[in-house]
Each structure stands twice: as C-alpha cells, then as structure tokens.
file final_5.csv (CSV, C-alpha atoms)
chain,number,residue,atom,x,y,z
A,1,MET,CA,-27.2,55.0,18.2
A,2,THR,CA,-30.9,55.3,18.7
A,3,THR,CA,-32.1,53.0,15.9
A,4,HIS,CA,-32.6,49.8,17.9
A,5,ASP,CA,-35.9,48.1,18.4
A,6,ILE,CA,-35.6,47.5,22.1
A,7,ASN,CA,-37.9,45.2,24.0
A,8,HIS,CA,-36.1,44.7,27.3
A,9,HIS,CA,-35.6,47.9,29.3
A,10,LEU,CA,-34.2,49.0,32.7
A,11,THR,CA,-36.4,48.8,35.7
A,12,ASP,CA,-37.6,51.9,37.5
A,13,LYS,CA,-35.6,50.8,40.5
A,14,LEU,CA,-32.4,50.6,38.6
A,15,LEU,CA,-33.0,54.0,36.9
A,16,MET,CA,-33.7,55.6,40.3
A,17,ALA,CA,-30.6,54.0,41.9
A,18,TYR,CA,-28.5,55.2,39.0
A,19,SER,CA,-29.9,58.8,39.2
A,20,ALA,CA,-29.4,58.7,43.0
A,21,GLY,CA,-25.8,57.7,42.5
A,22,ALA,CA,-26.3,54.5,44.5
A,23,LEU,CA,-25.1,51.9,42.0
A,24,PRO,CA,-21.7,50.2,41.9
A,25,GLU,CA,-19.6,51.6,39.0
A,26,ALA,CA,-20.0,48.4,36.9
A,27,PHE,CA,-23.8,48.6,37.1
A,28,SER,CA,-23.7,52.4,36.3
A,29,LEU,CA,-21.7,51.5,33.2
A,30,ALA,CA,-24.4,49.0,32.1
A,31,VAL,CA,-27.2,51.6,32.8
A,32,ALA,CA,-25.3,54.4,31.0
A,33,THR,CA,-24.6,52.2,28.0
A,34,HIS,CA,-28.3,51.0,27.7
A,35,VAL,CA,-29.5,54.6,28.0
A,36,SER,CA,-27.1,55.6,25.2
A,37,MET,CA,-29.0,53.1,23.0
A,38,CYS,CA,-32.6,53.6,24.3
A,39,ASP,CA,-34.6,56.8,23.9
A,40,GLU,CA,-37.4,55.5,26.2
A,41,CYS,CA,-35.0,54.8,29.1
A,42,ARG,CA,-33.3,58.1,28.5
A,43,ALA,CA,-36.6,59.9,29.0
A,44,ARG,CA,-37.4,57.8,32.1
A,45,LEU,CA,-34.0,58.6,33.5
A,46,GLY,CA,-34.6,62.3,32.9
A,47,ALA,CA,-37.7,62.0,35.1
A,48,TYR,CA,-35.7,60.4,37.9
A,49,GLU,CA,-33.0,63.1,37.7
A,50,SER,CA,-35.8,65.6,38.1
A,51,LEU,CA,-36.9,63.8,41.2
A,52,GLY,CA,-33.4,64.4,42.5
A,53,GLY,CA,-33.7,68.1,41.7
A,54,ALA,CA,-37.0,68.2,43.7
A,55,VAL,CA,-35.4,66.5,46.6
A,56,LEU,CA,-32.5,68.9,46.6
A,57,GLU,CA,-34.9,71.9,46.3
A,58,ARG,CA,-36.9,70.6,49.3
A,59,ALA,CA,-33.8,69.8,51.3
A,60,GLU,CA,-33.0,71.5,54.6
A,61,THR,CA,-30.2,74.0,54.4
A,62,VAL,CA,-26.8,74.2,56.2
A,63,ALA,CA,-25.3,77.7,56.5
A,64,MET,CA,-22.3,78.3,54.3
A,65,ALA,CA,-19.0,79.6,55.9
A,66,PRO,CA,-18.6,83.4,56.2
A,67,ASP,CA,-17.7,84.8,52.8
A,68,SER,CA,-18.2,81.5,51.1
A,69,LEU,CA,-19.5,83.3,48.0
A,70,GLY,CA,-16.2,85.4,47.9
A,71,ALA,CA,-14.2,82.2,48.2
A,72,THR,CA,-16.2,80.6,45.4
A,73,MET,CA,-15.7,83.7,43.2
A,74,ALA,CA,-12.0,83.3,43.8
A,75,ARG,CA,-12.2,79.7,42.9
A,76,ILE,CA,-13.9,80.7,39.7
A,77,ARG,CA,-11.3,83.2,38.8
A,78,ASP,CA,-8.4,80.8,39.5
A,79,GLY,CA,-10.0,77.8,37.8
A,80,ALA,CA,-9.8,77.4,34.1
A,81,PRO,CA,-13.2,77.5,32.4
A,82,VAL,CA,-14.3,74.0,31.6
A,83,VAL,CA,-13.7,73.4,27.9
A,84,GLU,CA,-15.8,70.4,27.4
A,85,PRO,CA,-14.6,68.1,24.7
A,86,PRO,CA,-17.3,67.8,22.0
A,87,ALA,CA,-19.8,65.3,23.3
A,88,PRO,CA,-18.4,61.9,22.4
A,89,ARG,CA,-20.5,60.1,19.9
A,90,THR,CA,-19.6,56.9,18.2
A,91,ARG,CA,-20.4,55.3,15.0
A,92,GLY,CA,-19.0,51.9,16.0
A,93,VAL,CA,-20.4,49.0,17.9
A,94,LEU,CA,-19.7,50.3,21.4
A,95,PRO,CA,-21.6,53.3,22.7
A,96,ALA,CA,-19.4,56.2,24.2
A,97,PRO,CA,-19.5,55.2,27.9
A,98,LEU,CA,-18.1,51.8,27.0
A,99,CYS,CA,-15.5,53.2,24.6
A,100,ASP,CA,-14.3,55.2,27.6
A,101,TYR,CA,-13.6,52.0,29.6
A,102,VAL,CA,-12.2,50.0,26.6
A,103,GLY,CA,-10.0,52.9,25.3
A,104,GLY,CA,-11.6,52.6,21.9
A,105,ASP,CA,-14.1,50.6,19.9
A,106,LEU,CA,-14.4,46.8,19.6
A,107,ASP,CA,-11.0,46.4,17.8
A,108,GLU,CA,-9.3,47.7,21.0
A,109,VAL,CA,-10.8,45.1,23.3
A,110,ARG,CA,-8.2,42.8,24.9
A,111,TRP,CA,-10.0,39.5,24.8
A,112,ARG,CA,-9.0,36.5,26.8
A,113,SER,CA,-10.3,33.1,25.9
A,114,VAL,CA,-12.3,31.3,28.5
A,115,GLY,CA,-12.8,28.1,26.4
A,116,MET,CA,-15.4,26.8,24.0
A,117,GLY,CA,-14.8,29.9,21.8
A,118,VAL,CA,-16.2,32.2,24.5
A,119,LYS,CA,-14.0,35.2,25.2
A,120,GLN,CA,-14.2,37.9,27.9
A,121,ALA,CA,-12.6,41.2,28.8
A,122,ILE,CA,-12.9,42.5,32.3
A,123,LEU,CA,-13.2,46.3,32.5
A,124,PRO,CA,-11.6,48.4,35.1
A,125,THR,CA,-14.3,49.4,37.6
A,126,SER,CA,-14.5,49.6,41.4
A,127,ARG,CA,-14.4,46.3,43.1
A,128,ASP,CA,-18.0,46.2,44.5
A,129,ALA,CA,-19.2,44.8,41.2
A,130,THR,CA,-17.6,43.4,38.0
A,131,ALA,CA,-18.2,44.5,34.4
A,132,ARG,CA,-17.0,42.3,31.5
A,133,LEU,CA,-17.5,42.2,27.8
A,134,LEU,CA,-18.4,38.7,26.6
A,135,PHE,CA,-18.0,37.3,23.1
A,136,ILE,CA,-20.1,34.3,22.5
A,137,PRO,CA,-19.7,32.6,19.1
A,138,ALA,CA,-22.9,32.2,17.1
A,139,GLY,CA,-24.9,29.2,18.5
A,140,ALA,CA,-22.6,28.7,21.5
A,141,ALA,CA,-23.8,28.6,25.1
A,142,VAL,CA,-22.6,30.2,28.3
A,143,PRO,CA,-22.7,27.4,31.0
A,144,ASP,CA,-25.9,27.0,32.9
A,145,HIS,CA,-25.7,29.3,35.9
A,146,GLY,CA,-27.6,30.9,38.7
A,147,HIS,CA,-27.0,34.1,40.6
A,148,ARG,CA,-26.3,35.2,44.1
A,149,GLY,CA,-26.7,38.8,43.4
A,150,THR,CA,-27.9,40.7,40.3
A,151,GLU,CA,-26.6,40.2,36.8
A,152,LEU,CA,-27.3,42.8,34.1
A,153,THR,CA,-26.6,41.6,30.5
A,154,LEU,CA,-26.7,44.2,27.7
A,155,VAL,CA,-26.5,43.0,24.1
A,156,LEU,CA,-24.3,45.1,21.9
A,157,GLN,CA,-24.2,42.9,18.8
A,158,GLY,CA,-25.9,39.7,17.7
A,159,ALA,CA,-28.5,38.2,20.1
A,160,PHE,CA,-28.9,35.6,22.8
A,161,VAL,CA,-31.8,33.5,23.9
A,162,ASP,CA,-32.4,31.9,27.3
A,163,GLU,CA,-35.3,30.1,28.8
A,164,THR,CA,-37.2,33.3,29.3
A,165,ALA,CA,-36.8,35.4,26.1
A,166,ARG,CA,-34.7,36.6,23.2
A,167,TYR,CA,-32.4,39.6,23.6
A,168,GLY,CA,-31.2,41.6,20.6
A,169,PRO,CA,-29.0,44.7,20.4
A,170,GLY,CA,-29.8,47.3,23.1
A,171,ASP,CA,-31.9,44.8,25.1
A,172,ILE,CA,-30.9,44.4,28.7
A,173,GLY,CA,-31.5,41.2,30.7
A,174,ILE,CA,-31.9,41.6,34.5
A,175,ALA,CA,-31.3,38.3,36.4
A,176,ASP,CA,-31.5,37.9,40.1
A,177,GLU,CA,-31.4,35.1,42.6
A,178,ASP,CA,-34.5,33.4,41.3
A,179,LEU,CA,-33.2,32.9,37.8
A,180,HIS,CA,-31.2,29.9,36.7
A,181,HIS,CA,-30.4,30.2,33.0
A,182,MET,CA,-28.2,29.1,30.2
A,183,PRO,CA,-27.9,31.9,27.6
A,184,VAL,CA,-27.3,30.7,24.0
A,185,ALA,CA,-26.0,33.0,21.3
A,186,ASP,CA,-28.3,33.3,18.4
A,187,ILE,CA,-27.2,31.2,15.4
A,188,GLY,CA,-27.2,34.2,13.1
A,189,ALA,CA,-24.2,36.0,14.4
A,190,ASP,CA,-21.6,36.1,17.1
A,191,CYS,CA,-23.0,37.8,20.2
A,192,ILE,CA,-21.1,40.5,22.1
A,193,CYS,CA,-22.6,41.7,25.4
A,194,LEU,CA,-21.7,43.7,28.5
A,195,ALA,CA,-22.4,41.8,31.7
A,196,ALA,CA,-22.3,43.4,35.2
A,197,THR,CA,-22.5,41.3,38.3
A,198,ASP,CA,-22.3,42.1,42.0
A,199,ALA,CA,-21.6,38.6,43.2
A,200,PRO,CA,-20.0,35.5,41.7
A,201,LEU,CA,-22.2,33.4,39.4
A,202,ARG,CA,-23.2,29.9,40.5
A,203,PHE,CA,-22.6,27.3,37.9
A,204,ARG,CA,-24.3,23.9,37.9
A,205,GLY,CA,-21.7,21.6,36.4
A,206,VAL,CA,-18.5,20.5,38.1
A,207,ILE,CA,-16.1,21.6,35.4
A,208,PRO,CA,-17.3,25.2,35.2
A,209,ARG,CA,-17.2,25.4,39.0
A,210,LEU,CA,-13.5,24.3,39.0
A,211,ALA,CA,-12.7,26.8,36.3
A,212,GLN,CA,-14.5,29.6,38.0
A,213,PRO,CA,-11.6,30.9,40.1
A,214,PHE,CA,-9.4,31.2,37.0
A,215,LEU,CA,-12.1,32.8,34.8
A,216,ARG,CA,-13.2,35.2,37.6
A,217,ILE,CA,-16.7,34.6,36.5
B,218,MET,CA,-34.2,80.0,35.5
B,219,THR,CA,-33.7,83.7,34.6
B,220,SER,CA,-30.7,83.9,37.0
B,221,MET,CA,-29.2,80.9,35.3
B,222,ILE,CA,-29.7,82.3,31.8
B,223,ALA,CA,-28.1,85.6,33.0
B,224,VAL,CA,-25.1,83.7,34.3
B,225,ARG,CA,-24.9,81.7,31.0
B,226,ASP,CA,-25.3,84.5,28.6
B,227,ALA,CA,-23.9,87.6,30.4
B,228,ARG,CA,-21.7,86.1,33.2
B,229,ASP,CA,-23.8,88.1,35.6
B,230,GLU,CA,-22.3,87.9,39.0
B,231,THR,CA,-25.3,89.3,40.8
B,232,ALA,CA,-27.5,86.6,39.3
B,233,PHE,CA,-24.8,84.0,40.3
B,234,ALA,CA,-25.0,85.3,43.9
B,235,ARG,CA,-28.8,84.8,43.9
B,236,LEU,CA,-28.3,81.2,42.7
B,237,PHE,CA,-25.5,80.7,45.3
B,238,ASP,CA,-27.7,82.0,48.2
B,239,HIS,CA,-30.4,79.6,47.3
B,240,PHE,CA,-28.6,76.5,46.2
B,241,ALA,CA,-25.2,76.4,48.0
B,242,PRO,CA,-26.7,75.8,51.5
B,243,ARG,CA,-28.9,73.0,50.0
B,244,VAL,CA,-25.9,71.4,48.3
B,245,LYS,CA,-24.0,71.6,51.6
B,246,ALA,CA,-26.8,69.9,53.5
B,247,PHE,CA,-27.1,67.3,50.8
B,248,LEU,CA,-23.4,66.4,51.0
B,249,MET,CA,-23.5,66.3,54.8
B,250,ARG,CA,-26.5,63.9,54.7
B,251,SER,CA,-24.3,61.8,52.3
B,252,GLY,CA,-21.6,61.5,54.9
B,253,ALA,CA,-19.3,64.4,54.3
B,254,ASP,CA,-18.1,66.4,57.4
B,255,ALA,CA,-18.9,70.2,57.4
B,256,THR,CA,-15.4,71.2,56.1
B,257,LEU,CA,-15.6,68.8,53.1
B,258,ALA,CA,-19.2,69.6,52.4
B,259,GLU,CA,-18.4,73.3,52.4
B,260,GLU,CA,-15.5,72.7,50.0
B,261,CYS,CA,-17.5,70.5,47.7
B,262,ALA,CA,-20.5,72.9,47.7
B,263,GLN,CA,-18.1,75.7,46.6
B,264,GLU,CA,-16.7,73.4,43.9
B,265,THR,CA,-20.2,72.5,42.7
B,266,MET,CA,-21.2,76.2,42.5
B,267,ALA,CA,-17.9,77.0,40.7
B,268,ALA,CA,-18.6,74.2,38.3
B,269,LEU,CA,-22.0,75.7,37.7
B,270,TRP,CA,-20.4,78.9,36.6
B,271,HIS,CA,-17.8,77.2,34.4
B,272,LYS,CA,-20.3,74.9,32.8
B,273,ALA,CA,-23.0,77.5,32.4
B,274,HIS,CA,-22.7,77.5,28.6
B,275,LEU,CA,-24.0,73.9,28.6
B,276,PHE,CA,-27.2,74.7,30.5
B,277,ASP,CA,-30.2,74.1,28.3
B,278,PRO,CA,-33.6,75.0,29.9
B,279,ASN,CA,-35.2,72.6,27.3
B,280,ARG,CA,-33.5,69.7,28.9
B,281,ALA,CA,-33.4,70.2,32.7
B,282,SER,CA,-34.5,72.6,35.4
B,283,VAL,CA,-31.8,74.5,37.3
B,284,ALA,CA,-32.4,72.4,40.5
B,285,THR,CA,-32.1,69.2,38.5
B,286,TRP,CA,-28.9,70.4,36.8
B,287,ILE,CA,-27.3,71.4,40.1
B,288,PHE,CA,-28.4,68.1,41.6
B,289,THR,CA,-26.5,66.1,38.9
B,290,ILE,CA,-23.4,68.2,39.4
B,291,ALA,CA,-23.5,67.8,43.2
B,292,ARG,CA,-24.3,64.0,42.9
B,293,ASN,CA,-21.3,63.5,40.6
B,294,ARG,CA,-19.0,65.4,43.1
B,295,ARG,CA,-20.3,63.1,45.8
B,296,ILE,CA,-19.5,60.0,43.8
B,297,ASP,CA,-16.1,61.3,42.9
B,298,VAL,CA,-15.0,62.6,46.3
B,299,LEU,CA,-16.9,60.5,48.8
B,300,ARG,CA,-17.0,57.1,46.9
B,301,ARG,CA,-13.9,57.6,44.8
B,302,GLN,CA,-15.5,56.1,41.8
B,303,ARG,CA,-16.0,57.2,38.2
B,304,ARG,CA,-19.4,58.0,37.0
B,305,PRO,CA,-20.2,56.6,33.5
B,306,GLU,CA,-22.6,59.0,31.8
B,307,PRO,CA,-24.8,58.2,28.7
B,308,GLU,CA,-23.7,59.2,25.3
B,309,ASP,CA,-25.0,62.6,24.4
B,310,LEU,CA,-27.7,62.9,21.8
B,311,PRO,CA,-27.2,64.5,18.4
B,312,TRP,CA,-29.7,67.3,19.2
B,313,GLY,CA,-29.2,68.9,15.8
B,314,PRO,CA,-27.4,72.1,14.9
B,315,GLU,CA,-29.7,74.7,16.5
B,316,PRO,CA,-32.7,73.2,18.3
B,317,GLU,CA,-35.4,75.8,18.0
B,318,PRO,CA,-36.2,77.1,21.4
B,319,ASP,CA,-39.6,76.0,22.5
B,320,GLN,CA,-40.8,78.3,25.2
B,321,ALA,CA,-43.7,76.2,26.3
B,322,ASP,CA,-41.5,73.1,26.8
B,323,ALA,CA,-38.8,75.1,28.6
B,324,LEU,CA,-41.3,76.6,30.9
B,325,ALA,CA,-43.0,73.2,31.7
B,326,LEU,CA,-39.6,71.7,32.4
B,327,GLN,CA,-38.6,74.6,34.7
B,328,GLN,CA,-41.9,74.1,36.6
B,329,GLU,CA,-41.3,70.4,37.1
B,330,THR,CA,-39.2,70.8,40.2
B,331,ALA,CA,-42.1,72.6,42.0
B,332,GLN,CA,-44.6,70.1,40.7
B,333,LEU,CA,-42.5,67.1,41.7
B,334,GLY,CA,-41.8,68.8,45.1
B,335,GLU,CA,-45.6,69.1,45.7
B,336,ALA,CA,-46.1,65.5,44.6
B,337,LEU,CA,-43.3,64.5,47.0
B,338,ALA,CA,-44.9,66.4,49.9
B,339,ALA,CA,-48.2,64.8,49.2
B,340,LEU,CA,-46.8,61.2,49.5
B,341,PRO,CA,-47.3,59.2,52.7
B,342,GLU,CA,-44.4,60.2,55.0
B,343,LYS,CA,-42.8,56.7,55.0
B,344,GLN,CA,-42.5,56.7,51.3
B,345,ARG,CA,-41.3,60.3,51.0
B,346,VAL,CA,-38.6,59.7,53.6
B,347,LEU,CA,-37.4,56.6,51.7
B,348,ILE,CA,-37.1,58.5,48.4
B,349,GLU,CA,-35.2,61.4,50.1
B,350,LYS,CA,-32.9,58.9,51.8
B,351,ALA,CA,-32.3,57.2,48.4
B,352,TYR,CA,-31.2,60.5,46.8
B,353,PHE,CA,-29.2,61.6,49.8
B,354,GLY,CA,-27.2,58.4,49.4
B,355,ASP,CA,-28.5,56.8,52.6
B,356,LEU,CA,-29.7,53.6,50.8
B,357,THR,CA,-27.8,51.0,48.9
B,358,HIS,CA,-29.1,50.0,45.5
B,359,SER,CA,-30.5,46.8,46.9
B,360,GLU,CA,-32.3,48.7,49.6
B,361,ILE,CA,-33.7,51.0,46.9
B,362,ALA,CA,-34.9,47.9,45.1
B,363,THR,CA,-36.6,46.4,48.1
B,364,GLN,CA,-37.8,49.4,50.2
B,365,THR,CA,-38.9,52.3,48.1
B,366,GLY,CA,-42.3,52.3,46.6
B,367,LEU,CA,-42.0,54.5,43.6
B,368,PRO,CA,-44.2,57.5,43.1
B,369,LEU,CA,-44.9,56.4,39.5
B,370,GLY,CA,-48.0,58.5,39.1
B,371,THR,CA,-46.2,61.7,40.0
B,372,ILE,CA,-43.5,61.3,37.3
B,373,LYS,CA,-45.5,59.8,34.5
B,374,SER,CA,-46.3,63.1,33.0
B,375,ARG,CA,-42.7,64.2,33.3
B,376,ILE,CA,-41.7,61.1,31.3
B,377,ARG,CA,-44.3,61.8,28.6
B,378,LEU,CA,-43.0,65.4,28.3
B,379,ALA,CA,-39.4,64.2,28.0
B,380,LEU,CA,-40.3,61.6,25.4
B,381,ASP,CA,-42.2,64.2,23.3
B,382,ARG,CA,-39.3,66.6,23.6
B,383,LEU,CA,-36.9,63.8,22.5
B,384,ARG,CA,-39.0,62.9,19.4
B,385,HIS,CA,-39.3,66.6,18.6
B,386,ALA,CA,-35.6,67.1,18.8
B,387,MET,CA,-34.7,64.0,16.8
B,388,LYS,CA,-36.9,64.8,13.9

call {"tool": "encode", "arguments": {"input": "final_5.csv", "output": "structure tokens"}}
result
Amino acid sequence: MTTHDINHHLTDKLLMAYSAGALPEAFSLAVATHVSMCDECRARLGAYESLGGAVLERAETVAMAPDSLGATMARIRDGAPVVEPPAPRTRGVLPAPLCDYVGGDLDEVRWRSVGMGVKQAILPTSRDATARLLFIPAGAAVPDHGHRGTELTLVLQGAFVDETARYGPGDIGIADEDLHHMPVADIGADCICLAATDAPLRFRGVIPRLAQPFLRI
Amino acid sequence: MTSMIAVRDARDETAFARLFDHFAPRVKAFLMRSGADATLAEECAQETMAALWHKAHLFDPNRASVATWIFTIARNRRIDVLRRQRRPEPEDLPWGPEPEPDQADALALQQETAQLGEALAALPEKQRVLIEKAYFGDLTHSEIATQTGLPLGTIKSRIRLALDRLRHAMK
C-alpha cells in the first residue's frame, strides 16, 4: 500500500508524540494508518523512534533487584517463544491497523446512517479521543464545523475538498481550533475516511447541533 | 549489536546477560519516570528483556539500532500496562524475500543512537529536558505540540538514511 501520491503528511509533532507513546489511542490509529500508506512518514517516524532509543541510552539507571537476571531467564524458560503471525498485509481498501479495529476490510464495517447519505462507524478505542470511519457520498458535504481540539482526517478512498485544499487517498488533514471548514466529497467517487477527534466538533447550523448528541459527532 | 546478533542467531545467554546489564536498569528507570513504582517497573523491565529474547529473530540491524528496538518494546509495555490502551502499529512493509545485507547501512544505523545522543547532549538544556520528558511520558501530546522545539537538524540525516534504505528495499 505504498503507491499513493501523498501531499498532506503528518506533522513532526504528531510523529514525535506517537513515537513517545503520548497520543490517545484514536490518534495513534490515524498515525499508524497514514504511516502504512506513506513511505516518507514511515522514514520520518523511524527517526523519531531512534530519538527514543537515544533518550533511553542516555537515561539514568535504577538498579535491578538481586538476581533479576536469573528471574528473567526463568521467565524466558517458562514463557512460550513469541510466534509472530506473518506480518499482516492487506490488499483491500483498509490498511492493516484499521482492519484490526474493524475486524476485516470495508465489507465488515457496521455503518450507521447519520443522514443526507452520510454514514459513520465508531471504532472501539480508549475514551480520551474518538475514531470513526466516515462514508460521504460523492459530492455530498459534512456540515460546516469548527473544532475545540484537534481533528485528524485521513482519506482511504475517494477525495474531499475544503476551503484550504484537496485531499486524496493517503492524505491526512490536520484541523485545530483555528479552522472552521465544510469538507465536501469529490464528485468523482464516494469518499471514505478515518476521522479522529479529541473533543466534540462545533457545528454552525442549529439542526446539526440538535442532532449532535445522537450522532456522537 | 554483536551481542544482539549472538542472541538472535545462537541464543547466546552470555551475550544476553551483557544486554541485560546494560539495558535493564535503563528500562527500569524509564518506566519509573513514566509513573510505575519500583516493583511494577522491575517486573515490566524483566518482561521487556524476556520479550527481547523471544522476539530476537525479528531483530534486523538494517532497520533499527538495539537501543531503539528496546525502546519500542519498553514503550509498548508502558502503554499496555500503565495506560491500559492498545497500541496500533503501522502495517509492515513487504521487504522482499531476502533483503541483501548492507553492512554500511547497518553500521550507520547502529551508530545512530550514539550520534543522536551527542546531538541531544549538545542541545540547550531546556530543549533537551523537554524532549526527554516527552519520551519518558511526562508530557501530553498537546504539551508536546506547544512546548518542544524539535531538534530537526539533528535527525535530518537519519531521515535521509531511512528513506534511502526504504527505496533500496522496495526496488
């Protein structure tokens, strides 16, 4: 899944936070999925993981318990060797980390309609942020909204455009409190994306605001 | 790296003991900085080192240094045990049937920890402390976004090397 022509990448800060293990699970899912599709961000992530290695190497030390090595060797003899399943690789629309959360590829997604042809499926992550798959019919719009926190939107299929740019497969949009936008799916194909948010979105119109508690968006 | 290769290829317990002596006390300190008490940190550090043994066949010196590899195992234990969250990992790359070993690349990658360590040490103290806090789990992601100036110059060459390596492997 490395054939995409990607123009919108992860920021250094997101890559660093992911490699430091500081992101909420929903954001980590978006980062891992983008990296699965993007060689450049994979290489950049490698650099940030190396930085973690350097920090560990430079870290102070705390003495291990007496005969800790012996206890570890006992653990090793008791534990079954890790037989890693062959590295998951997919030929479908969803990269492996997403397939993990969906329990399969696109045909396994349990969509719920949220009106106007738009569908969503909320994925099971920790509650500090929310990850959802969104299905936006070709040419349809997601209601005009702003953000309290951060929203990551990763295109998996099709494309969307907002006031700032066009996002195709593999592109990740990073929206924060300053951005008020109304993403519209490209007319060419239905758009499927992964959206991760760490705070409820703020909609401009009255109707979407009323519907918000029911949609959990 | 030699010790790690000996563990991987020969299940060499003496080599493992050398890695244990060097890394286990660092992993324990790392986990205590992340909020684990001494007992939990000791247990997780032992688990991390045991995982190193069990996963040794996956170690590829062309892809990460030993320190980096141990860091990722310890970090994932921290997320699992201390934060009780899953850790989504990127899809693995199709590296091809038998990637030809490239000694120069492997050597450069193994030296990276030392080079990055020197670069870290050379940073202004405030910036270095923030980066260390980030990796020790002392900063939230929004604090990382607002507080850490990133040592971009120090890791640019590492990124270039990784990109070259990727393109080479994907040919």

call {"tool": "residues_around", "arguments": {"input": "final_5.csv", "residues": "Phe237 (chain B)", "least_positions_apart": "6", "cutoff": "12 Å", "atoms": "only C-alpha atoms", "output": "list in words"}}
result
Ala63, Met64, Asp67, Ser68, Leu69, Gly70, Ala71, Thr72 and Met73 of chain A; Ser220, Met221, Val224, Glu230, Thr231, Arg243, Val244, Lys245, Ala262, Gln263, Glu264, Thr265, Met266, Ala267, Ala268, Leu269, Trp270, Val283, Ala284 and Ile287 of chain B

call {"tool": "atom_distance", "arguments": {"input": "final_5.csv", "atom1": "CA of Val155 (chain A)", "atom2": "CA of Ser359 (chain B)"}}
result
23.5 Å

call {"tool": "residues_around", "arguments": {"input": "final_5.csv", "residues": "Ala195 (chain A)", "least_positions_apart": "6", "cutoff": "10 Å", "atoms": "only C-alpha atoms", "output": "list of chain:residue names"}}
result
A:Ala26, A:Phe27, A:Leu29, A:Ala30, A:Gln120, A:Ile122, A:Thr130, A:Ala131, A:Arg132, A:Leu133, A:Leu134, A:Glu151, A:Leu152, A:Thr153, A:Leu154, A:Val155, A:Ile172, A:Gly173, A:Ile174

call {"tool": "interface_residues", "arguments": {"input": "final_5.csv", "of": "chain B", "to": "chain A", "cutoff": "7 Å", "atoms": "only C-alpha atoms", "output": "ChimeraX atom specification"}}
result
/B:242-243,245-246,259,263,267,271-272,284-285,288,292,296,302-309,330-331,333-334,349,351-352,354,357-358,361-362,372,375-376,379-380

call {"tool": "write_last_selection", "arguments": {"input": "final_5.csv", "atoms": "C-alpha atoms", "output": "PDB file, keeping the file's coordinate frame"}}
result
ATOM      1  CA  PRO B 242     -26.700  75.800  51.500  1.00  0.00           C
ATOM      2  CA  ARG B 243     -28.900  73.000  50.000  1.00  0.00           C
ATOM      3  CA  LYS B 245     -24.000  71.600  51.600  1.00  0.00           C
ATOM      4  CA  ALA B 246     -26.800  69.900  53.500  1.00  0.00           C
ATOM      5  CA  GLU B 259     -18.400  73.300  52.400  1.00  0.00           C
ATOM      6  CA  GLN B 263     -18.100  75.700  46.600  1.00  0.00           C
ATOM      7  CA  ALA B 267     -17.900  77.000  40.700  1.00  0.00           C
ATOM      8  CA  HIS B 271     -17.800  77.200  34.400  1.00  0.00           C
ATOM      9  CA  LYS B 272     -20.300  74.900  32.800  1.00  0.00           C
ATOM     10  CA  ALA B 284     -32.400  72.400  40.500  1.00  0.00           C
ATOM     11  CA  THR B 285     -32.100  69.200  38.500  1.00  0.00           C
ATOM     12  CA  PHE B 288     -28.400  68.100  41.600  1.00  0.00           C
ATOM     13  CA  ARG B 292     -24.300  64.000  42.900  1.00  0.00           C
ATOM     14  CA  ILE B 296     -19.500  60.000  43.800  1.00  0.00           C
ATOM     15  CA  GLN B 302     -15.500  56.100  41.800  1.00  0.00           C
ATOM     16  CA  ARG B 303     -16.000  57.200  38.200  1.00  0.00           C
ATOM     17  CA  ARG B 304     -19.400  58.000  37.000  1.00  0.00           C
ATOM     18  CA  PRO B 305     -20.200  56.600  33.500  1.00  0.00           C
ATOM     19  CA  GLU B 306     -22.600  59.000  31.800  1.00  0.00           C
ATOM     20  CA  PRO B 307     -24.800  58.200  28.700  1.00  0.00           C
ATOM     21  CA  GLU B 308     -23.700  59.200  25.300  1.00  0.00           C
ATOM     22  CA  ASP B 309     -25.000  62.600  24.400  1.00  0.00           C
ATOM     23  CA  THR B 330     -39.200  70.800  40.200  1.00  0.00           C
ATOM     24  CA  ALA B 331     -42.100  72.600  42.000  1.00  0.00           C
ATOM     25  CA  LEU B 333     -42.500  67.100  41.700  1.00  0.00           C
ATOM     26  CA  GLY B 334     -41.800  68.800  45.100  1.00  0.00           C
ATOM     27  CA  GLU B 349     -35.200  61.400  50.100  1.00  0.00           C
ATOM     28  CA  ALA B 351     -32.300  57.200  48.400  1.00  0.00           C
ATOM     29  CA  TYR B 352     -31.200  60.500  46.800  1.00  0.00           C
ATOM     30  CA  GLY B 354     -27.200  58.400  49.400  1.00  0.00           C
ATOM     31  CA  THR B 357     -27.800  51.000  48.900  1.00  0.00           C
ATOM     32  CA  HIS B 358     -29.100  50.000  45.500  1.00  0.00           C
ATOM     33  CA  ILE B 361     -33.700  51.000  46.900  1.00  0.00           C
ATOM     34  CA  ALA B 362     -34.900  47.900  45.100  1.00  0.00           C
ATOM     35  CA  ILE B 372     -43.500  61.300  37.300  1.00  0.00           C
ATOM     36  CA  ARG B 375     -42.700  64.200  33.300  1.00  0.00           C
ATOM     37  CA  ILE B 376     -41.700  61.100  31.300  1.00  0.00           C
ATOM     38  CA  ALA B 379     -39.400  64.200  28.000  1.00  0.00           C
ATOM     39  CA  LEU B 380     -40.300  61.600  25.400  1.00  0.00           C
TER      40      LEU B 380
END

call {"tool": "atom_distance", "arguments": {"input": "final_5.csv", "atom1": "CA of Asp162 (chain A)", "atom2": "CA of Val102 (chain A)"}}
result
27.1 Å

call {"tool": "atom_distance", "arguments": {"input": "final_5.csv", "atom1": "CA of Leu123 (chain A)", "atom2": "CA of Phe135 (chain A)"}}
result
13.9 Å
